[in-house]
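Student: This is data.cif, which holds mmCIF, C-alpha atoms:
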```
data_final
loop_
_atom_site.label_atom_id
_atom_site.label_comp_id
_atom_site.auth_asym_id
_atom_site.auth_seq_id
_atom_site.Cartn_x
_atom_site.Cartn_y
_atom_site.Cartn_z
CA MET A 1 0.00 0.00 0.00
CA ALA A 2 0.94 3.56 -0.69
CA LEU A 3 3.72 5.16 1.21
CA ASP A 4 4.77 8.40 -0.43
CA GLU A 5 1.33 8.73 -1.93
CA ALA A 6 -0.65 7.49 1.05
CA PRO A 7 -1.06 10.25 3.56
CA LEU A 8 -3.30 7.88 5.55
CA SER A 9 -0.16 6.14 6.67
CA PRO A 10 1.37 7.89 9.64
CA THR A 11 3.91 10.36 8.31
CA PRO A 12 5.60 13.46 9.65
CA ARG A 13 3.09 15.48 7.64
CA THR A 14 0.49 14.55 10.24
CA THR A 15 2.45 16.47 12.81
CA VAL A 16 0.36 19.19 14.30
CA VAL A 17 1.97 22.58 14.05
CA ARG A 18 1.20 24.13 17.41
CA GLY A 19 -0.08 27.65 17.43
CA ARG A 20 0.28 28.17 13.73
CA GLN A 21 -2.17 30.68 12.37
CA ARG A 22 -4.30 28.69 10.01
CA ALA A 23 -5.68 30.20 6.85
CA GLN A 24 -9.42 30.52 6.49
CA ALA A 25 -9.40 27.78 3.84
CA GLU A 26 -7.86 25.35 6.29
CA ARG A 27 -10.43 26.23 8.95
CA THR A 28 -13.24 25.67 6.46
CA ALA A 29 -11.73 22.28 5.60
CA LEU A 30 -11.47 21.41 9.31
CA LEU A 31 -15.13 22.19 9.94
CA ASP A 32 -16.10 20.29 6.78
CA VAL A 33 -14.40 17.13 8.07
CA PHE A 34 -16.15 17.42 11.44
CA ARG A 35 -19.48 18.04 9.72
CA SER A 36 -19.02 14.97 7.48
CA ALA A 37 -18.53 12.39 10.25
CA ARG A 38 -20.40 11.06 13.27
CA LEU A 39 -17.60 9.44 15.18
CA CYS A 40 -14.16 10.52 16.30
CA HIS A 41 -11.33 8.56 17.85
CA LEU A 42 -10.11 10.01 21.14
CA GLY A 43 -6.53 9.42 22.21
CA VAL A 44 -5.89 9.66 25.93
CA LEU A 45 -3.09 8.41 28.14
CA VAL A 46 -4.26 5.74 30.55
CA GLY A 47 -1.41 4.51 32.72
CA ASN A 48 1.26 5.75 30.30
CA VAL A 49 -0.25 3.87 27.36
CA PRO A 50 -2.16 5.77 24.67
CA ARG A 51 -5.69 4.45 24.52
CA VAL A 52 -7.78 5.11 21.38
CA LEU A 53 -11.52 5.14 21.95
CA PRO A 54 -14.36 5.76 19.49
CA THR A 55 -16.84 8.33 20.69
CA VAL A 56 -19.33 10.89 19.43
CA TYR A 57 -18.68 14.62 19.45
CA GLY A 58 -20.26 18.00 18.87
CA VAL A 59 -18.81 21.12 17.30
CA ASP A 60 -19.55 24.77 18.01
CA PRO A 61 -17.54 26.87 15.54
CA ASP A 62 -18.42 29.93 17.62
CA GLY A 63 -17.79 28.23 20.97
CA PRO A 64 -15.95 29.99 23.80
CA ASP A 65 -12.57 28.37 23.08
CA ARG A 66 -9.99 29.77 20.69
CA ALA A 67 -10.96 29.00 17.06
CA GLY A 68 -14.14 27.28 18.26
CA THR A 69 -15.02 24.36 20.51
CA LEU A 70 -15.14 20.59 20.11
CA TYR A 71 -17.30 18.86 22.74
CA LEU A 72 -16.91 15.33 24.06
CA HIS A 73 -18.91 13.59 26.74
CA GLY A 74 -18.93 10.44 28.78
CA SER A 75 -19.90 8.87 32.04
CA VAL A 76 -18.50 10.59 35.12
CA ALA A 77 -17.23 7.12 36.03
CA ALA A 78 -15.20 6.71 32.83
CA ARG A 79 -11.50 6.64 33.57
CA SER A 80 -10.58 8.38 30.33
CA MET A 81 -12.97 11.25 31.06
CA VAL A 82 -11.64 11.61 34.57
CA GLU A 83 -8.01 11.65 33.44
CA ALA A 84 -8.42 13.72 30.28
CA PRO A 85 -8.59 17.25 31.77
CA ASP A 86 -5.17 16.79 33.32
CA GLN A 87 -3.35 15.95 30.11
CA ASP A 88 -3.15 16.77 26.43
CA ILE A 89 -5.49 14.63 24.35
CA CYS A 90 -5.89 14.03 20.64
CA VAL A 91 -9.13 13.80 18.69
CA THR A 92 -9.07 12.46 15.14
CA VAL A 93 -11.90 12.31 12.62
CA THR A 94 -11.47 10.45 9.35
CA VAL A 95 -13.79 10.29 6.34
CA VAL A 96 -12.96 7.78 3.60
CA ASP A 97 -14.09 8.95 0.16
CA GLY A 98 -12.60 6.23 -2.03
CA LEU A 99 -10.13 3.40 -2.49
CA VAL A 100 -7.25 4.22 -4.84
CA LEU A 101 -6.09 1.16 -6.76
CA ALA A 102 -2.71 1.54 -8.44
CA ARG A 103 -0.64 -0.90 -10.56
CA SER A 104 1.73 -1.53 -7.66
CA ALA A 105 0.95 -2.29 -4.04
CA PHE A 106 3.26 0.59 -3.12
CA HIS A 107 1.11 3.24 -4.77
CA HIS A 108 -2.23 2.04 -3.45
CA SER A 109 -3.89 4.68 -1.32
CA MET A 110 -7.19 6.08 -0.15
CA ASN A 111 -9.01 9.26 -0.94
CA TYR A 112 -9.96 10.69 2.42
CA ARG A 113 -10.31 13.74 4.64
CA SER A 114 -8.90 13.68 8.14
CA ALA A 115 -8.74 16.18 10.99
CA VAL A 116 -6.54 15.99 14.07
CA VAL A 117 -7.05 18.25 17.09
CA VAL A 118 -4.78 18.22 20.15
CA GLY A 119 -4.88 20.15 23.36
CA ARG A 120 -5.66 20.25 27.04
CA PRO A 121 -9.44 19.89 27.44
CA ARG A 122 -11.55 22.06 29.69
CA ARG A 123 -14.18 20.46 31.92
CA VAL A 124 -17.48 22.18 31.14
CA GLU A 125 -19.26 23.18 34.35
CA ASP A 126 -21.65 25.94 33.25
CA PRO A 127 -25.16 24.42 33.06
CA GLU A 128 -26.15 26.30 29.92
CA GLU A 129 -22.96 25.36 28.09
CA ARG A 130 -23.37 21.73 29.19
CA THR A 131 -26.86 21.66 27.72
CA ARG A 132 -25.69 23.28 24.48
CA ALA A 133 -22.82 20.80 24.26
CA LEU A 134 -25.01 17.73 24.76
CA ASP A 135 -27.52 19.03 22.20
CA ALA A 136 -24.67 19.66 19.74
CA ILE A 137 -23.52 16.05 20.19
CA VAL A 138 -27.01 14.69 19.49
CA ASP A 139 -27.42 16.96 16.48
CA GLN A 140 -24.02 15.99 15.06
CA VAL A 141 -25.25 12.39 14.81
CA VAL A 142 -28.84 13.22 13.79
CA PRO A 143 -29.19 16.83 12.63
CA GLY A 144 -32.29 18.42 14.12
CA ARG A 145 -32.95 15.64 16.63
CA SER A 146 -32.41 17.55 19.87
CA ALA A 147 -35.34 19.90 19.21
CA HIS A 148 -37.68 16.89 19.45
CA LEU A 149 -36.44 15.68 22.83
CA ARG A 150 -37.33 16.67 26.39
CA GLY A 151 -34.70 18.57 28.37
CA HIS A 152 -31.90 16.80 30.20
CA THR A 153 -32.81 15.84 33.77
CA ARG A 154 -30.69 16.82 36.75
CA LYS A 155 -29.84 13.15 37.29
CA GLU A 156 -28.70 12.73 33.70
CA LEU A 157 -26.56 15.84 33.86
CA ALA A 158 -25.01 14.71 37.14
CA ALA A 159 -23.98 11.42 35.54
CA THR A 160 -22.36 13.13 32.56
CA SER A 161 -18.92 14.64 32.09
CA VAL A 162 -18.59 17.18 29.30
CA LEU A 163 -15.20 18.20 27.97
CA ALA A 164 -14.38 21.10 25.64
CA LEU A 165 -11.35 21.19 23.37
CA SER A 166 -10.20 24.26 21.45
CA LEU A 167 -10.11 23.81 17.68
CA TYR A 168 -6.99 25.96 17.55
CA GLU A 169 -4.30 23.27 17.55
CA ALA A 170 -5.47 21.28 14.59
CA SER A 171 -4.39 19.94 11.24
CA VAL A 172 -6.29 18.72 8.21
CA LYS A 173 -5.11 16.26 5.61
CA ALA A 174 -6.85 15.10 2.48
CA ARG A 175 -6.25 13.15 -0.68
CA ALA A 176 -8.36 13.19 -3.83
CA GLY A 177 -7.93 11.99 -7.40
CA GLY A 178 -6.67 8.91 -9.18
CA PRO A 179 -3.66 6.69 -8.62
CA ILE A 180 -0.17 8.00 -9.38
CA ASP A 181 1.80 5.09 -10.80
CA ASP A 182 5.42 4.63 -11.78
CA ASP A 183 6.02 5.20 -15.48
CA ALA A 184 7.40 1.68 -15.87
CA ASP A 185 4.18 0.17 -14.52
CA ILE A 186 2.02 2.32 -16.81
CA MET A 187 4.16 1.30 -19.81
CA ALA A 188 3.98 -2.37 -18.85
CA GLY A 189 0.19 -2.16 -18.82
CA GLY A 190 -2.22 -5.01 -18.15
CA VAL A 191 -3.21 -4.01 -14.62
CA TRP A 192 -6.49 -2.17 -14.05
CA ALA A 193 -6.14 0.96 -11.94
CA GLY A 194 -8.60 3.55 -10.73
CA VAL A 195 -10.72 4.77 -7.86
CA VAL A 196 -13.58 2.97 -6.12
CA PRO A 197 -15.75 5.62 -4.43
CA VAL A 198 -16.96 4.78 -0.92
CA HIS A 199 -20.32 6.05 0.36
CA GLU A 200 -22.11 5.89 3.67
CA THR A 201 -25.82 5.26 3.27
CA MET A 202 -28.67 4.92 5.75
CA GLY A 203 -31.97 3.21 5.29
CA GLY A 204 -34.31 0.45 6.37
CA VAL A 205 -35.30 2.32 9.52
CA VAL A 206 -36.48 0.03 12.35
CA ARG A 207 -39.14 1.50 14.66
CA ALA A 208 -38.67 0.68 18.36
CA LYS A 209 -41.13 -1.97 19.59
CA ASP A 210 -42.56 0.32 22.25
CA VAL A 211 -43.25 3.29 19.95
CA GLU A 212 -46.87 4.15 19.12
CA PRO A 213 -47.60 2.47 15.76
CA ASP A 214 -49.31 5.58 14.35
CA LEU A 215 -46.29 7.82 15.00
CA ALA A 216 -44.83 8.77 11.61
CA VAL A 217 -41.11 8.59 10.99
CA PRO A 218 -40.09 12.23 11.50
CA ASP A 219 -38.50 14.38 8.80
CA HIS A 220 -35.13 14.55 10.56
CA VAL A 221 -34.93 10.74 10.33
CA LEU A 222 -36.12 10.59 6.72
CA ALA A 223 -33.48 13.21 5.87
CA LEU A 224 -30.73 10.84 7.03
CA CYS A 225 -31.94 8.18 4.63
CA ARG A 226 -32.10 10.63 1.70
CA ALA A 227 -28.60 12.00 2.32
CA MET B 1 -26.31 11.07 23.91
CA ALA B 2 -26.23 7.76 25.62
CA LEU B 3 -24.08 7.26 28.64
CA ASP B 4 -25.03 4.06 30.43
CA GLU B 5 -26.32 2.66 27.18
CA ALA B 6 -23.67 4.07 24.90
CA PRO B 7 -20.57 1.93 25.02
CA LEU B 8 -19.13 4.10 22.27
CA SER B 9 -18.49 6.73 24.90
CA PRO B 10 -15.24 6.07 26.70
CA THR B 11 -16.02 4.03 29.77
CA PRO B 12 -14.03 1.79 32.08
CA ARG B 13 -15.48 -1.15 30.15
CA THR B 14 -13.11 -0.28 27.33
CA THR B 15 -10.23 -1.09 29.62
CA VAL B 16 -8.12 -3.82 28.16
CA VAL B 17 -7.66 -6.73 30.51
CA ARG B 18 -4.03 -7.62 30.00
CA GLY B 19 -3.20 -11.24 29.53
CA ARG B 20 -6.69 -12.47 30.16
CA GLN B 21 -7.41 -15.70 28.36
CA ARG B 22 -10.11 -14.82 25.89
CA ALA B 23 -12.80 -17.28 24.99
CA GLN B 24 -12.98 -18.50 21.41
CA ALA B 25 -16.18 -16.50 20.89
CA GLU B 26 -14.37 -13.30 21.78
CA ARG B 27 -11.54 -14.14 19.39
CA THR B 28 -14.03 -14.78 16.60
CA ALA B 29 -15.65 -11.42 17.32
CA LEU B 30 -12.25 -9.72 17.26
CA LEU B 31 -11.36 -11.13 13.85
CA ASP B 32 -14.86 -10.26 12.58
CA VAL B 33 -14.34 -6.60 13.48
CA PHE B 34 -10.96 -6.52 11.74
CA ARG B 35 -12.43 -8.23 8.67
CA SER B 36 -15.31 -5.71 8.52
CA ALA B 37 -13.20 -2.55 8.33
CA ARG B 38 -10.51 -1.04 6.13
CA LEU B 39 -9.08 1.57 8.42
CA CYS B 40 -7.81 1.57 11.98
CA HIS B 41 -6.80 4.41 14.26
CA LEU B 42 -3.30 4.04 15.68
CA GLY B 43 -2.47 5.62 19.02
CA VAL B 44 1.19 6.38 19.57
CA LEU B 45 3.00 8.69 21.96
CA VAL B 46 4.78 11.52 20.16
CA GLY B 47 6.56 13.80 22.57
CA ASN B 48 4.41 12.70 25.54
CA VAL B 49 1.15 13.46 23.74
CA PRO B 50 -0.99 10.62 22.38
CA ARG B 51 -1.35 11.05 18.63
CA VAL B 52 -4.22 9.27 16.85
CA LEU B 53 -3.58 8.52 13.18
CA PRO B 54 -5.77 6.75 10.64
CA THR B 55 -3.98 4.00 8.76
CA VAL B 56 -4.58 0.74 6.93
CA TYR B 57 -3.74 -2.65 8.42
CA GLY B 58 -3.50 -6.32 7.64
CA VAL B 59 -4.37 -9.31 9.81
CA ASP B 60 -2.85 -12.79 9.87
CA PRO B 61 -4.84 -14.87 12.38
CA ASP B 62 -2.09 -17.50 12.16
CA GLY B 63 0.78 -15.01 12.27
CA PRO B 64 3.87 -15.63 14.38
CA ASP B 65 2.73 -13.51 17.32
CA ARG B 66 0.68 -14.78 20.24
CA ALA B 67 -3.01 -15.07 19.22
CA GLY B 68 -2.15 -13.90 15.70
CA THR B 69 -0.62 -10.82 14.13
CA LEU B 70 -1.83 -7.36 13.17
CA TYR B 71 0.39 -5.63 10.61
CA LEU B 72 0.88 -1.88 10.16
CA HIS B 73 3.15 -0.08 7.75
CA GLY B 74 4.41 3.35 6.95
CA SER B 75 7.27 5.34 5.55
CA VAL B 76 10.62 4.73 7.22
CA ALA B 77 10.68 8.50 7.65
CA ALA B 78 7.45 8.60 9.63
CA ARG B 79 8.06 9.69 13.18
CA SER B 80 5.28 7.51 14.58
CA MET B 81 6.68 4.42 12.87
CA VAL B 82 10.15 5.16 14.15
CA GLU B 83 8.99 5.68 17.72
CA ALA B 84 6.38 2.94 17.89
CA PRO B 85 8.63 -0.10 18.48
CA ASP B 86 9.97 1.43 21.66
CA GLN B 87 6.61 1.92 23.33
CA ASP B 88 3.19 0.36 23.82
CA ILE B 89 0.78 1.41 21.12
CA CYS B 90 -2.98 1.06 20.70
CA VAL B 91 -4.86 0.12 17.56
CA THR B 92 -8.62 0.61 17.42
CA VAL B 93 -11.04 -0.44 14.70
CA THR B 94 -14.67 0.69 14.81
CA VAL B 95 -17.58 -0.36 12.60
CA VAL B 96 -20.84 1.60 12.93
CA ASP B 97 -23.90 -0.53 12.19
CA GLY B 98 -26.66 1.89 13.10
CA LEU B 99 -27.80 5.02 14.89
CA VAL B 100 -29.96 4.37 17.95
CA LEU B 101 -32.55 7.11 18.45
CA ALA B 102 -34.16 7.12 21.88
CA ARG B 103 -36.82 9.41 23.42
CA SER B 104 -34.21 11.18 25.51
CA ALA B 105 -30.82 12.54 24.48
CA PHE B 106 -29.33 10.53 27.34
CA HIS B 107 -30.30 7.16 25.88
CA HIS B 108 -29.22 7.87 22.33
CA SER B 109 -26.51 5.46 21.24
CA MET B 110 -25.00 3.66 18.29
CA ASN B 111 -25.00 0.06 17.24
CA TYR B 112 -21.37 -0.75 16.54
CA ARG B 113 -18.53 -3.22 16.82
CA SER B 114 -15.15 -2.06 18.08
CA ALA B 115 -11.84 -3.78 18.71
CA VAL B 116 -8.92 -2.41 20.70
CA VAL B 117 -5.47 -4.00 20.64
CA VAL B 118 -2.56 -2.78 22.74
CA GLY B 119 1.02 -3.92 23.00
CA ARG B 120 4.65 -3.35 22.11
CA PRO B 121 5.03 -3.76 18.35
CA ARG B 122 7.76 -5.81 16.72
CA ARG B 123 9.62 -4.39 13.72
CA VAL B 124 9.31 -6.92 10.91
CA GLU B 125 12.72 -7.56 9.31
CA ASP B 126 12.32 -10.95 7.64
CA PRO B 127 11.86 -10.35 3.88
CA GLU B 128 9.24 -13.06 3.45
CA GLU B 129 7.18 -11.87 6.38
CA ARG B 130 7.45 -8.27 5.15
CA THR B 131 6.07 -9.30 1.77
CA ARG B 132 3.25 -11.32 3.35
CA ALA B 133 2.42 -8.37 5.61
CA LEU B 134 2.28 -5.83 2.78
CA ASP B 135 0.12 -8.19 0.70
CA ALA B 136 -2.20 -8.69 3.69
CA ILE B 137 -2.59 -4.92 4.00
CA VAL B 138 -3.50 -4.54 0.31
CA ASP B 139 -5.92 -7.47 0.51
CA GLN B 140 -7.58 -6.12 3.65
CA VAL B 141 -8.63 -3.03 1.65
CA VAL B 142 -9.36 -4.84 -1.63
CA PRO B 143 -9.67 -8.61 -1.14
CA GLY B 144 -7.78 -10.50 -3.85
CA ARG B 145 -5.96 -7.45 -5.18
CA SER B 146 -2.36 -8.42 -4.32
CA ALA B 147 -2.42 -11.46 -6.65
CA HIS B 148 -2.82 -9.06 -9.60
CA LEU B 149 0.17 -6.88 -8.76
CA ARG B 150 3.88 -7.22 -9.50
CA GLY B 151 6.18 -7.98 -6.58
CA HIS B 152 7.52 -5.27 -4.30
CA THR B 153 10.79 -3.77 -5.52
CA ARG B 154 13.87 -3.55 -3.33
CA LYS B 155 13.56 0.24 -3.35
CA GLU B 156 9.92 0.09 -2.22
CA LEU B 157 10.74 -2.34 0.58
CA ALA B 158 13.66 -0.18 1.73
CA ALA B 159 11.33 2.80 2.04
CA THR B 160 8.78 0.88 4.09
CA SER B 161 8.59 0.12 7.80
CA VAL B 162 6.43 -2.85 8.76
CA LEU B 163 5.28 -3.35 12.35
CA ALA B 164 3.67 -6.44 13.86
CA LEU B 165 1.41 -6.36 16.90
CA SER B 166 0.19 -9.42 18.77
CA LEU B 167 -3.59 -9.82 18.88
CA TYR B 168 -3.30 -11.18 22.41
CA GLU B 169 -3.97 -8.04 24.43
CA ALA B 170 -7.27 -7.07 22.92
CA SER B 171 -10.85 -6.29 23.76
CA VAL B 172 -14.03 -6.25 21.74
CA LYS B 173 -17.14 -4.23 22.43
CA ALA B 174 -20.41 -4.22 20.56
CA ARG B 175 -23.95 -2.93 20.79
CA ALA B 176 -26.95 -4.16 18.86
CA GLY B 177 -30.71 -3.73 19.10
CA GLY B 178 -33.16 -0.93 19.68
CA PRO B 179 -33.16 1.98 22.11
CA ILE B 180 -33.69 1.35 25.83
CA ASP B 181 -35.78 4.21 27.14
CA ASP B 182 -36.90 5.26 30.59
CA ASP B 183 -40.41 4.01 31.43
CA ALA B 184 -41.60 7.58 32.00
CA ASP B 185 -40.54 8.60 28.49
CA ILE B 186 -42.25 5.57 26.94
CA MET B 187 -45.45 6.35 28.87
CA ALA B 188 -45.34 10.01 27.84
CA GLY B 189 -45.18 8.98 24.18
CA GLY B 190 -45.11 11.27 21.20
CA VAL B 191 -41.42 10.88 20.35
CA TRP B 192 -40.39 8.54 17.54
CA ALA B 193 -37.64 6.10 18.53
CA GLY B 194 -35.83 3.37 16.66
CA VAL B 195 -32.71 2.39 14.77
CA VAL B 196 -31.35 3.86 11.53
CA PRO B 197 -29.06 1.23 9.95
CA VAL B 198 -25.81 2.54 8.48
CA HIS B 199 -24.21 0.87 5.47
CA GLU B 200 -20.98 1.36 3.57
CA THR B 201 -21.43 1.04 -0.17
CA MET B 202 -19.03 1.28 -3.09
CA GLY B 203 -19.78 2.04 -6.70
CA GLY B 204 -19.31 4.38 -9.60
CA VAL B 205 -15.80 3.09 -10.24
CA VAL B 206 -13.53 5.63 -11.98
CA ARG B 207 -10.88 4.16 -14.31
CA ALA B 208 -7.47 5.85 -14.17
CA LYS B 209 -6.83 8.09 -17.18
CA ASP B 210 -3.70 6.18 -18.14
CA VAL B 211 -5.26 2.68 -18.10
CA GLU B 212 -5.79 0.88 -21.42
CA PRO B 213 -9.43 1.57 -22.42
CA ASP B 214 -10.05 -2.09 -23.33
CA LEU B 215 -8.98 -3.40 -19.91
CA ALA B 216 -12.11 -4.71 -18.18
CA VAL B 217 -12.83 -3.84 -14.54
CA PRO B 218 -11.55 -6.95 -12.75
CA ASP B 219 -13.74 -9.23 -10.64
CA HIS B 220 -12.06 -8.24 -7.37
CA VAL B 221 -13.14 -4.64 -8.03
CA LEU B 222 -16.65 -5.57 -9.12
CA ALA B 223 -16.96 -7.65 -5.94
CA LEU B 224 -16.41 -4.53 -3.82
CA CYS B 225 -19.33 -2.82 -5.51
CA ARG B 226 -21.62 -5.82 -5.03
CA ALA B 227 -20.78 -6.24 -1.34
#
```
Turn the structure described in the file into structure tokens.

Tutor:
Amino acid sequence: MALDEAPLSPTPRTTVVRGRQRAQAERTALLDVFRSARLCHLGVLVGNVPRVLPTVYGVDPDGPDRAGTLYLHGSVAARSMVEAPDQDICVTVTVVDGLVLARSAFHHSMNYRSAVVVGRPRRVEDPEERTRALDAIVDQVVPGRSAHLRGHTRKELAATSVLALSLYEASVKARAGGPIDDDADIMAGGVWAGVVPVHETMGGVVRAKDVEPDLAVPDHVLALCRA
Amino acid sequence: MALDEAPLSPTPRTTVVRGRQRAQAERTALLDVFRSARLCHLGVLVGNVPRVLPTVYGVDPDGPDRAGTLYLHGSVAARSMVEAPDQDICVTVTVVDGLVLARSAFHHSMNYRSAVVVGRPRRVEDPEERTRALDAIVDQVVPGRSAHLRGHTRKELAATSVLALSLYEASVKARAGGPIDDDADIMAGGVWAGVVPVHETMGGVVRAKDVEPDLAVPDHVLALCRA
């Protein structure tokens, strides 16, 4: 698989440049990656070993942290949530757009968009910000969902840790386009090469058994299946 | 979003139990998760901060490491590949099967399968094992592809680091089924709840511009689009 051409492999280019003033285009790309996914992978040190955990997230581009706020949440009992505010963490979101098939294994790659954010998270204590953060997390997974739900109860809020991470220390990487093969392999011919686009689709909605049978599937759910 | 019911949020249940003898069922589930994905997220310490990087992988259930071998690769110049063999790393693979919409934000969740492997990687030096590993990585992304490609050149191999990680220290988590709501919310009614299945699909293959126009799309590519 691709090395020079495969930015999905860990390379020095992934290195986050701390404090660098990002151009507006890069910020737009960052927010686009976060908008395009539903899941991030959180890296946190647990007993000196990096642990990588899938979790949901919310984004507030106008949040109170520098360059905007990324929100994470978890159980107050979760070790990673307890330990996170005392250390730098890393949040990575990756969207795969296609498989890039080259003539050689070496030049295989993926078309993708990936965002990496690092920093010391802030524990969110303000009740209004906590509510906004939890709603943002719901709406990141199902846009428009939170408006249809009752408010969070005191018990639920007490069981929930909310962390905020500045979007300032971040990097975006992307690849698009076809394979880039060695001239010798192109001349030799005989091997098909190209891109296989990858799509995420939703459909075949399953109503919960205990939902009233006459309750229509709401528009915000139908919209997911049309996307 | 779900806390008690959302294992995708970081919780102590994610904690890897080192050295625990896993049952055969758990091993089957582990291999199933690795077979179902194309991308993992690698956690590696870079300057005391956990860095989470998306990358491809290969699996050899009968590999030389205890409980089988997970292979990673990257440029010899990549900082994370250089530093990885001297520290414990974490590799996480996550497959999202559906969005779980409950009546309350708190009980929202995802149906998913996730595998976490930790350990000290071994740098693969044996030429035959390196070739097998690189072929396994190509075939994990596009099953059957490596048989259609020329061998790796000496120059390509010299530019490539291959790491092996034992599948022994691993954990698997999964959620399936509908939302689990509070009785009071079910009684109150009026909010649609259920599961929105998520699928990955491939199609609309784009031939590389420099491929012979009479070269048919091979079966191993067509198979991706049928899956």

Student: Check which residues satisfy the PyMOL selection byres ((chain B) within 6 of (chain A)) in the file shown, then give them as an NGL selection string.

Tutor: :B and (1 or 3 or 8-9 or 11-12 or 43 or 50-52 or 54-55 or 74-75 or 78-79 or 90 or 104 or 138 or 149 or 178 or 193-203 or 205-208)

Student: What would the selection look like, as a count of residues only, if the PyMOL selection byres ((chain A and resi 167) around 6) were run on the coordinates I just shared?

Tutor: 6

Student: For a test of reading the model, state the distance in Å between atom CA of Arg154 of chain B and atom CA of Asp65 of chain B, rounded to one decimal.

Tutor: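 If I compute the distance from atom CA of Arg154 of chain B to atom CA of Asp65 of chain B, I get 25.5 Å.
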
Student: Go through the shown structure with the PyMOL selection byres ((chain A and resi 176) around 7) and write out the matching residues as an MDAnalysis selection string.

Tutor: chainID A and resid 111:112 174:175 177

Student: Which distance in Å separates atom CA of Ala164 of chain A and atom CA of Arg113 of chain B, to one decimal?

Tutor: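 Taking atom CA of Ala164 of chain A and atom CA of Arg113 of chain B, their separation equals 26.2 Å.
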
Student: Between atom CA of His220 of chain A and atom CA of Asp126 of chain A, measure the distance and give it in Å to one decimal.

Tutor: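 So the two atoms, atom CA of His220 of chain A and atom CA of Asp126 of chain A, lie 28.7 Å apart.
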